Structure formats: structure tokens, C-alpha cells
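*Asks:* This is query34.txt, which holds compact mmCIF, C-alpha atoms:
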# COMPACT_ATOMS: atom_id res chain seq x y z
CA MET A 1033 -8.60 28.74 -73.54
CA SER A 1034 -11.46 26.85 -71.92
CA THR A 1035 -11.31 24.94 -68.64
CA ALA A 1036 -11.58 21.66 -70.55
CA GLU A 1037 -8.60 22.61 -72.71
CA MET A 1038 -6.50 23.56 -69.69
CA ASN A 1039 -7.37 20.37 -67.83
CA PRO A 1040 -7.39 17.30 -70.12
CA SER A 1041 -8.87 15.20 -67.33
CA ARG A 1042 -12.11 17.19 -67.68
CA LYS A 1043 -12.87 16.49 -71.32
CA HIS A 1044 -16.41 16.77 -72.57
CA ALA A 1045 -17.85 13.88 -74.56
CA PHE A 1046 -19.90 15.44 -77.34
CA THR A 1047 -22.92 13.44 -78.44
CA ASP A 1048 -26.14 15.08 -79.56
CA ALA A 1049 -25.14 18.61 -80.52
CA GLY A 1050 -28.56 19.90 -79.46
CA ALA A 1051 -28.38 18.49 -75.94
CA PRO A 1052 -26.68 20.14 -72.96
CA GLN A 1053 -23.19 18.74 -72.55
CA LEU A 1054 -22.21 17.10 -69.28
CA PRO A 1055 -18.53 16.59 -68.43
CA GLU A 1056 -17.13 13.13 -68.01
CA PRO A 1057 -15.81 12.09 -64.60
CA THR A 1058 -12.29 13.40 -64.10
CA TYR A 1059 -9.37 11.04 -64.39
CA ALA A 1060 -8.97 11.34 -60.62
CA GLU A 1061 -12.53 10.10 -60.08
CA ARG A 1062 -11.97 7.25 -62.51
CA VAL A 1063 -8.80 6.14 -60.74
CA ARG A 1064 -10.45 6.31 -57.30
CA THR A 1065 -13.30 4.20 -58.65
CA LEU A 1066 -10.97 1.70 -60.32
CA VAL A 1067 -8.79 1.31 -57.23
CA SER A 1068 -11.86 0.87 -55.01
CA LEU A 1069 -13.28 -1.91 -57.21
CA CYS A 1070 -10.13 -3.95 -57.80
CA THR A 1071 -8.69 -6.23 -55.12
CA ILE A 1072 -5.49 -7.62 -56.65
CA ALA A 1073 -2.72 -5.57 -58.23
CA THR A 1074 0.97 -5.75 -59.14
CA LEU A 1075 3.35 -4.14 -56.66
CA SER A 1076 6.73 -3.18 -58.08
CA THR A 1077 9.49 -2.57 -55.57
CA VAL A 1078 13.18 -1.74 -55.98
CA SER A 1079 15.15 -4.98 -55.99
CA ARG A 1080 17.82 -5.52 -53.33
CA LYS A 1081 19.36 -8.37 -55.29
CA ARG A 1082 19.53 -6.34 -58.52
CA PRO A 1083 19.82 -2.72 -57.37
CA ALA A 1084 17.72 -0.18 -59.31
CA TYR A 1085 15.75 -2.92 -61.08
CA PRO A 1086 11.98 -3.23 -60.45
CA PHE A 1087 10.69 -6.38 -58.76
CA GLY A 1088 7.04 -7.27 -59.41
CA SER A 1089 4.74 -9.07 -56.96
CA LEU A 1090 1.08 -10.06 -57.01
CA MET A 1091 -0.50 -8.03 -54.21
CA PRO A 1092 -3.94 -8.13 -52.57
CA TYR A 1093 -4.87 -4.76 -51.12
CA SER A 1094 -7.55 -2.79 -49.36
CA ILE A 1095 -7.88 1.01 -49.24
CA ASP A 1096 -8.33 3.62 -46.55
CA GLU A 1097 -10.70 6.60 -46.57
CA THR A 1098 -8.44 8.60 -48.91
CA GLY A 1099 -7.81 5.75 -51.34
CA ARG A 1100 -4.37 4.75 -50.07
CA PRO A 1101 -3.75 1.02 -50.72
CA ILE A 1102 -3.15 -1.10 -47.61
CA PHE A 1103 -1.09 -4.31 -47.69
CA LEU A 1104 -0.68 -7.13 -45.18
CA ILE A 1105 2.77 -8.55 -45.90
CA SER A 1106 5.34 -10.80 -44.27
CA ASP A 1107 8.89 -9.83 -43.37
CA MET A 1108 9.98 -13.00 -45.15
CA ALA A 1109 8.54 -11.87 -48.50
CA MET A 1110 11.01 -10.50 -51.01
CA HIS A 1111 8.89 -7.42 -51.70
CA THR A 1112 8.82 -6.57 -47.98
CA GLN A 1113 12.59 -6.85 -47.77
CA ASN A 1114 12.85 -4.59 -50.80
CA ILE A 1115 10.50 -2.03 -49.19
CA GLN A 1116 12.42 -2.03 -45.94
CA ALA A 1117 15.57 -1.13 -47.88
CA ASP A 1118 13.91 1.34 -50.26
CA HIS A 1119 10.36 2.66 -49.76
CA ARG A 1120 9.90 3.67 -53.39
CA ALA A 1121 7.36 1.54 -55.25
CA SER A 1122 4.46 1.53 -57.68
CA LEU A 1123 1.16 -0.31 -57.76
CA PHE A 1124 -0.36 -1.29 -61.10
CA VAL A 1125 -4.14 -1.72 -60.92
CA ALA A 1126 -6.08 -3.02 -63.93
CA GLN A 1127 -9.77 -3.41 -64.69
CA ALA A 1128 -10.87 -6.97 -65.36
CA GLY A 1129 -12.97 -7.58 -68.43
CA ASP A 1130 -13.53 -9.45 -71.63
CA GLY A 1131 -12.10 -8.42 -74.97
CA ASP A 1132 -8.88 -6.56 -75.68
CA PRO A 1133 -7.11 -5.87 -72.35
CA LEU A 1134 -5.49 -2.79 -73.90
CA GLY A 1135 -8.98 -1.29 -74.16
CA THR A 1136 -9.65 -1.54 -70.43
CA ALA A 1137 -8.87 0.96 -67.69
CA ARG A 1138 -5.69 0.74 -65.62
CA ALA A 1139 -3.61 2.98 -63.40
CA THR A 1140 -0.13 3.09 -61.92
CA LEU A 1141 0.18 4.63 -58.46
CA VAL A 1142 3.74 5.76 -57.78
CA GLY A 1143 4.78 6.51 -54.21
CA ASP A 1144 6.28 5.35 -50.94
CA VAL A 1145 5.27 2.17 -49.10
CA LEU A 1146 5.66 2.61 -45.34
CA PRO A 1147 4.47 0.75 -42.25
CA VAL A 1148 1.05 1.86 -41.06
CA PRO A 1149 1.56 3.96 -37.90
CA GLU A 1150 0.77 2.06 -34.71
CA ASP A 1151 -2.20 4.27 -33.82
CA GLU A 1152 -3.77 3.54 -37.24
CA VAL A 1153 -3.19 -0.22 -37.37
CA GLY A 1154 -6.58 -1.00 -35.83
CA GLU A 1155 -8.47 0.78 -38.60
CA ALA A 1156 -6.20 -0.68 -41.30
CA ARG A 1157 -6.77 -4.15 -39.88
CA GLN A 1158 -10.53 -3.69 -39.92
CA ARG A 1159 -10.55 -2.44 -43.49
CA TYR A 1160 -8.29 -5.23 -44.69
CA LEU A 1161 -10.15 -8.04 -42.92
CA SER A 1162 -13.48 -6.76 -44.23
CA ARG A 1163 -12.20 -7.49 -47.73
CA TYR A 1164 -10.09 -10.59 -46.98
CA GLU A 1165 -11.81 -12.57 -44.24
CA ASN A 1166 -9.51 -15.57 -44.76
CA SER A 1167 -6.48 -13.45 -43.79
CA ARG A 1168 -7.60 -13.75 -40.14
CA SER A 1169 -5.69 -17.03 -40.20
CA TRP A 1170 -2.34 -15.23 -40.37
CA VAL A 1171 -2.97 -11.55 -39.56
CA ASP A 1172 -1.60 -12.01 -36.01
CA PHE A 1173 1.56 -13.86 -37.02
CA LYS A 1174 4.58 -11.92 -35.73
CA ASP A 1175 6.21 -11.63 -39.13
CA PHE A 1176 3.10 -10.00 -40.74
CA SER A 1177 2.57 -6.24 -40.68
CA PHE A 1178 0.39 -3.63 -42.36
CA TYR A 1179 1.97 -1.32 -44.89
CA ARG A 1180 0.41 1.50 -46.88
CA LEU A 1181 1.22 3.15 -50.21
CA GLN A 1182 1.30 6.94 -50.06
CA PRO A 1183 0.78 8.03 -53.70
CA LEU A 1184 3.00 10.79 -55.04
CA ASP A 1185 1.76 10.66 -58.62
CA ILE A 1186 -0.63 8.56 -60.67
CA TYR A 1187 -0.82 7.69 -64.36
CA TYR A 1188 -4.21 6.69 -65.74
CA VAL A 1189 -5.07 4.90 -68.98
CA GLY A 1190 -8.77 4.60 -69.72
CA GLY A 1191 -8.45 2.69 -72.97
CA PHE A 1192 -7.27 3.57 -76.45
CA GLY A 1193 -6.30 7.24 -76.63
CA VAL A 1194 -7.43 8.06 -73.07
CA MET A 1195 -4.51 8.69 -70.74
CA GLY A 1196 -3.00 11.27 -68.45
CA TRP A 1197 -1.39 12.10 -65.11
CA VAL A 1198 -3.41 12.57 -61.93
CA THR A 1199 -1.99 14.46 -58.96
CA ALA A 1200 -1.97 12.81 -55.56
CA GLU A 1201 -4.05 15.70 -54.20
CA ASP A 1202 -6.76 15.28 -56.86
CA TYR A 1203 -6.82 11.53 -56.27
CA ARG A 1204 -7.15 11.96 -52.51
CA SER A 1205 -10.08 14.39 -52.82
CA ALA A 1206 -11.93 12.52 -55.60
CA LYS A 1207 -15.03 10.45 -54.88
CA VAL A 1208 -15.86 6.93 -56.03
CA ASP A 1209 -18.51 6.93 -58.75
CA PRO A 1210 -21.97 6.06 -57.34
CA LEU A 1211 -22.47 3.40 -60.03
CA ALA A 1212 -19.18 1.66 -59.24
CA ASP A 1213 -20.65 -1.40 -57.54
CA ALA A 1214 -23.59 -1.68 -59.93
CA ALA A 1215 -21.59 -1.18 -63.14
CA PRO A 1216 -20.74 -4.87 -63.81
CA LYS A 1217 -24.42 -5.84 -63.54
CA ILE A 1218 -25.49 -2.95 -65.78
CA LEU A 1219 -22.88 -3.86 -68.41
CA GLY A 1220 -23.81 -7.52 -68.30
CA HIS A 1221 -27.52 -6.77 -68.68
CA MET A 1222 -27.06 -4.31 -71.54
CA ASN A 1223 -24.64 -6.53 -73.44
CA SER A 1224 -26.83 -9.63 -73.03
CA ASP A 1225 -30.28 -8.17 -73.66
CA HIS A 1226 -30.10 -4.74 -75.27
CA VAL A 1227 -27.61 -4.73 -78.16
CA PRO A 1228 -30.17 -3.32 -80.66
CA ALA A 1229 -30.89 -0.46 -78.25
CA MET A 1230 -27.19 0.40 -78.02
CA ILE A 1231 -26.87 0.29 -81.81
CA LEU A 1232 -29.79 2.71 -81.96
CA LEU A 1233 -28.24 5.06 -79.41
CA ALA A 1234 -24.92 5.01 -81.26
CA LYS A 1235 -26.65 6.01 -84.50
CA VAL A 1236 -28.71 8.82 -83.02
CA HIS A 1237 -26.27 10.24 -80.45
CA ALA A 1238 -22.91 9.58 -82.10
CA GLY A 1239 -23.78 9.32 -85.80
CA LEU A 1240 -22.22 5.86 -86.05
CA ASP A 1241 -23.83 2.97 -87.94
CA ALA A 1242 -22.91 -0.24 -86.16
CA THR A 1243 -23.70 -3.90 -86.67
CA GLU A 1244 -22.57 -4.87 -83.17
CA ALA A 1245 -22.30 -2.93 -79.93
CA ALA A 1246 -21.04 -3.53 -76.41
CA MET A 1247 -21.16 -1.25 -73.39
CA THR A 1248 -17.65 -1.20 -71.91
CA ALA A 1249 -18.05 1.32 -69.08
CA VAL A 1250 -20.77 3.28 -67.30
CA ASP A 1251 -20.66 6.08 -64.74
CA ARG A 1252 -22.98 8.65 -63.25
CA LEU A 1253 -22.74 10.89 -66.32
CA GLY A 1254 -22.89 8.42 -69.22
CA PHE A 1255 -21.41 5.33 -70.84
CA HIS A 1256 -18.90 4.08 -73.39
CA LEU A 1257 -19.71 1.81 -76.33
CA ARG A 1258 -17.45 -0.37 -78.45
CA LEU A 1259 -18.93 -0.65 -81.93
CA LYS A 1260 -18.36 -2.83 -84.95
CA THR A 1261 -18.88 -0.76 -88.11
CA ASN A 1262 -18.13 -1.14 -91.79
CA ASP A 1263 -15.06 1.03 -91.15
CA GLY A 1264 -13.79 -1.22 -88.37
CA MET A 1265 -14.06 -1.10 -84.59
CA LYS A 1266 -14.90 2.29 -83.09
CA GLY A 1267 -15.50 3.61 -79.62
CA THR A 1268 -17.77 6.39 -78.47
CA ARG A 1269 -19.12 7.95 -75.30
CA ILE A 1270 -22.76 8.93 -74.87
CA ASN A 1271 -23.96 11.18 -72.05
CA PHE A 1272 -27.02 10.44 -69.98
CA LEU A 1273 -29.78 13.05 -70.20
CA HIS A 1274 -28.91 13.93 -66.61
CA GLU A 1275 -26.65 12.72 -63.83
CA VAL A 1276 -27.73 9.50 -62.10
CA GLN A 1277 -26.96 8.22 -58.62
CA ASP A 1278 -27.92 4.55 -58.75
CA SER A 1279 -28.72 1.67 -61.10
CA ASP A 1280 -32.47 2.34 -60.99
CA GLU A 1281 -31.97 5.91 -62.20
CA ALA A 1282 -29.58 4.63 -64.89
CA ARG A 1283 -32.18 2.13 -66.11
CA LYS A 1284 -34.90 4.79 -66.28
CA VAL A 1285 -32.78 7.27 -68.22
CA LEU A 1286 -31.61 4.59 -70.67
CA VAL A 1287 -35.22 3.60 -71.34
CA GLU A 1288 -36.08 7.26 -71.87
CA MET A 1289 -33.17 7.73 -74.26
CA VAL A 1290 -34.04 4.66 -76.34
CA ARG A 1291 -37.69 5.72 -76.63
CA ALA A 1292 -36.65 9.20 -77.72
CA ALA A 1293 -34.10 7.85 -80.21
CA ALA A 1294 -36.42 5.43 -82.01
CA PRO A 1295 -38.29 8.00 -84.14
CA LYS A 1296 -35.08 9.91 -84.90
CA ALA A 1297 -33.43 6.81 -86.37
CA THR A 1298 -36.05 6.54 -89.09
CA HIS A 1299 -35.24 9.99 -90.50
Output the file's structure in the form of C-alpha cells.

*Replies:*
Amino acid sequence: MSTAEMNPSRKHAFTDAGAPQLPEPTYAERVRTLVSLCTIATLSTVSRKRPAYPFGSLMPYSIDETGRPIFLISDMAMHTQNIQADHRASLFVAQAGDGDPLGTARATLVGDVLPVPEDEVGEARQRYLSRYENSRSWVDFKDFSFYRLQPLDIYYVGGFGVMGWVTAEDYRSAKVDPLADAAPKILGHMNSDHVPAMILLAKVHAGLDATEAAMTAVDRLGFHLRLKTNDGMKGTRINFLHEVQDSDEARKVLVEMVRAAAPKATH
């Protein structure tokens, strides 16, 4: 059995059979990237009023160097009271985007929410305020404190048919994708100005004839397309010719791929 078969989070995305195959980012990398990009999530705690029932709250968060979510919450809040009685919780993080929300990435981090240790509060404060400058207005109120979610297990859904568990250890050691911050701009540019090019790439690299195409995700190793075909909506992944580290490299390799695909599409 191959490594890819033993570890479903390391699937290969086959495109052009004649090209060297690059692996997709692992699920752990995808979750780290997703959690780093999002700012608002749903925190589910164990209800005190209705024991054993989950209680959902809208929750802004920041993250520390290992990806642990940090919260600034008040003792008066119901979710804080729940946490103080029972540390078990989960945080649901979802990618924002247009189209079918069930086709977007999301993850549930299951673990324990505990107060940030006193000797680490300074760093947590700095990280949180760097993301939420307006929270300076209440960060020093006596009833507000920093808490942190220590993940025990993570479930990732990357869209239709893409899902699996991620261990806390793999999540902690994973790196954020280098295109994370640039991805929204890349997607917007491709979907606004280069639909014919994506249709061309889908035909040559994935063997799919599409009338419409949209790039739904991009990372250092490749990108995902959502395609409208005569057989309905389809999705595919296409690898870059080589790994990229920034948006400029991504642009250059996409141009190279489109130029190389043009003559192949006529055959």
C-alpha cells in the first residue's frame, strides 16, 4: 500500500498523466491555513442551564504560534460561565465565499478551553490586539480574560467529498500555506478576467469540457476549479508545474501553463 493510500490527507491530484505529480497540501496544512485566515468562528460550549447540551456563541479569535485559538471573553458571558464549569468545547471555523457554502472549506477544532497562563498573557494580548485593535477599549476591564483552545482533535471538510480527521500533533506542526494572504486576490482576478483560460486548463489538464469555470481555491501546489459542463457541475484540481511561494510565482506559472495548453486544445 502506498503512502497516499495509508494517509488520506496526502492524496495526489492527478491531472496531466505525463507530468510529474505533486501532492496536495495535507489536511493539517489546510486547516492551519483556514484557521489563520478566518477571524470569526462559532464556539460551542457545554451548557450549564441544559447539562450535556451544546451552546453556540459567535466568537472572534486570534491564534498563537502553534495555531491555538485565543479568545478575550467576559466572566459575564454565558459561554465563559459554561467553560468555567466544563472546559470541553469545539470551535467551528468556516471559509467565507460566494456560491454553495457546502462547497467551501471548514473545520471543527475539538478540545479544552482554559485560561491563558499568567506568564503568557502578555503575548496573547499582543496577538489579539494586533487583530482586534478596537478591543483595547475593554481589554483591561476586570471581568475580561484571555482563554485559549487546546485542540485534541480536528475534523476537516474541504468541500464535496473532501473530509477527514487531523491529529492535534499534525495541526500543531503544520505550516500556513505561503499563498494564504494572496489567495483571495488571485481568485478574484482569475474569476473576473481569465475564465476562458481556466476552461482551457480544465480541458487540457483534466479532460473536462466546460462552458463556465471558477477558481475556488489556490495553494502553493495548485488550484481547484468549479466547472459547469453538459453533465452538470464538476470540480477538479490542477497542479502547478512546480511549487510556488508567492503570488508573482503563481502568476508566472499560470501564464506558462495557459501558453502550453493552447496548442494542445486544438488537437

*Asks:* Please provide as a list of chain:residue names all residues within 9 Å of A:Pro1216, with the sequence filter that same-chain residues fewer than 4 positions apart are discarded (counting all atoms listed in the file).

*Replies:*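 Counting all atoms listed in the file, the residues come to A:Ala1212, A:Gly1220, A:His1221, A:Ala1249, A:Val1250.
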
*Asks:* From the set A:Thr1071, A:Thr1243, A:Ala1215, A:Asp1185, which residue has the shortest atom-to-atom contact distance to A:Gln1277, counting all atoms listed in the file?

*Replies:*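 Between A:Thr1071, A:Thr1243, A:Ala1215, A:Asp1185, the residue approaching A:Gln1277 most closely is A:Ala1215.
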
*Asks:* Between atom CA of A:Leu1161 and atom CA of A:Thr1112, what is the distance in Å, rounded to a tenth?

*Replies:*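 Between atom CA of A:Leu1161 and atom CA of A:Thr1112 the gap works out to 19.7 Å.
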
*Asks:* Interatomic distance between atom CA of A:Phe1176 and atom CA of A:Ile1105?

*Replies:* 5.4 Å

*Asks:* Rounded to one decimal place, report the atom CA of A:Ala1137-atom CA of A:Thr1261 distance in Å.

*Replies:*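 Atom-to-atom, atom CA of A:Ala1137 and atom CA of A:Thr1261 are spaced 22.8 Å apart.
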
*Asks:* Show me, as an MDAnalysis selection string, the residues that have an atom within 10 Å of A:Met1230 when counting all atoms listed in the file, minus same-chain residues fewer than 2 positions from it.

*Replies:* chainID A and resid 1222:1223 1226:1228 1232:1236 1242 1244:1247 1257:1259 1286 1290

*Asks:* Counting only C-alpha atoms, which residues in stretch 1150-1243 of chain A sit no more than 12 Å from stretch 1119-1124 of chain A? For each one, give the nearest pair of atoms and the distance in Å, sorted by chain then residue number, as JSON lines.

*Replies:*
{"residue": "A:Tyr1179", "atom": "CA", "partner": "A:His1119", "partner_atom": "CA", "distance": 10.5}
{"residue": "A:Arg1180", "atom": "CA", "partner": "A:His1119", "partner_atom": "CA", "distance": 10.4}
{"residue": "A:Leu1181", "atom": "CA", "partner": "A:Ala1121", "partner_atom": "CA", "distance": 8.1}
{"residue": "A:Gln1182", "atom": "CA", "partner": "A:Ala1121", "partner_atom": "CA", "distance": 9.6}
{"residue": "A:Pro1183", "atom": "CA", "partner": "A:Ser1122", "partner_atom": "CA", "distance": 8.5}
{"residue": "A:Leu1184", "atom": "CA", "partner": "A:Ser1122", "partner_atom": "CA", "distance": 9.7}
{"residue": "A:Asp1185", "atom": "CA", "partner": "A:Ser1122", "partner_atom": "CA", "distance": 9.6}
{"residue": "A:Ile1186", "atom": "CA", "partner": "A:Ser1122", "partner_atom": "CA", "distance": 9.2}
{"residue": "A:Tyr1187", "atom": "CA", "partner": "A:Phe1124", "partner_atom": "CA", "distance": 9.6}
{"residue": "A:Tyr1188", "atom": "CA", "partner": "A:Phe1124", "partner_atom": "CA", "distance": 10.0}
{"residue": "A:Val1189", "atom": "CA", "partner": "A:Phe1124", "partner_atom": "CA", "distance": 11.1}

*Asks:* Of the candidates A:Thr1136, A:Ser1177, A:Thr1248, A:Asn1262, which one gets nearest to A:Val1194 if we count only C-alpha atoms?

*Replies:*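 Checking each of A:Thr1136, A:Ser1177, A:Thr1248, A:Asn1262 against A:Val1194, counting only C-alpha atoms, the winner is A:Thr1136.
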
*Asks:* Find the residues near stretch 1251-1256 of chain A: any atom within 7 Å, counting all atoms listed in the file, skip ones fewer than 6 places away on the same chain, and give them as a VMD selection string.

*Replies:* chain A and resid 1054 1056 1209 to 1211 1268 to 1272 1274 to 1277

*Asks:* Excluding A:Asp1118 and residues on its chain fewer than 5 positions from it, collect all residues at most 9 Å away from it, counting all atoms listed in the file, and give them as number ranges by chain.

*Replies:* A: 1077-1080, 1113, 1144-1145

*Asks:* Which is closest to A:Glu1061 among A:Arg1082, A:Lys1266, A:Arg1204, A:Arg1283, if we use all atoms listed in the file?

*Replies:*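 That would be A:Arg1204, the residue with the smallest distance to A:Glu1061.
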
*Asks:* Enclose stretch 1096-1100 of chain A, meaning all of its atoms listed in the file, in a box aligned along x, y and z, pad it by 8 Å on each side, and list the centre and edge lengths in Å to one decimal, as JSON.

*Replies:*
{"center_x": -7.5, "center_y": 6.1, "center_z": -48.9, "size_x": 22.3, "size_y": 21.0, "size_z": 20.8}

*Asks:* Neighbours of A:Val1208 within 9 Å (only C-alpha atoms; same-chain residues fewer than 4 positions away dropped), as a list in words?

*Replies:* Glu1061, Arg1062, Val1063, Arg1064, Thr1065, Leu1066, Ser1068 and Ala1212 of chain A
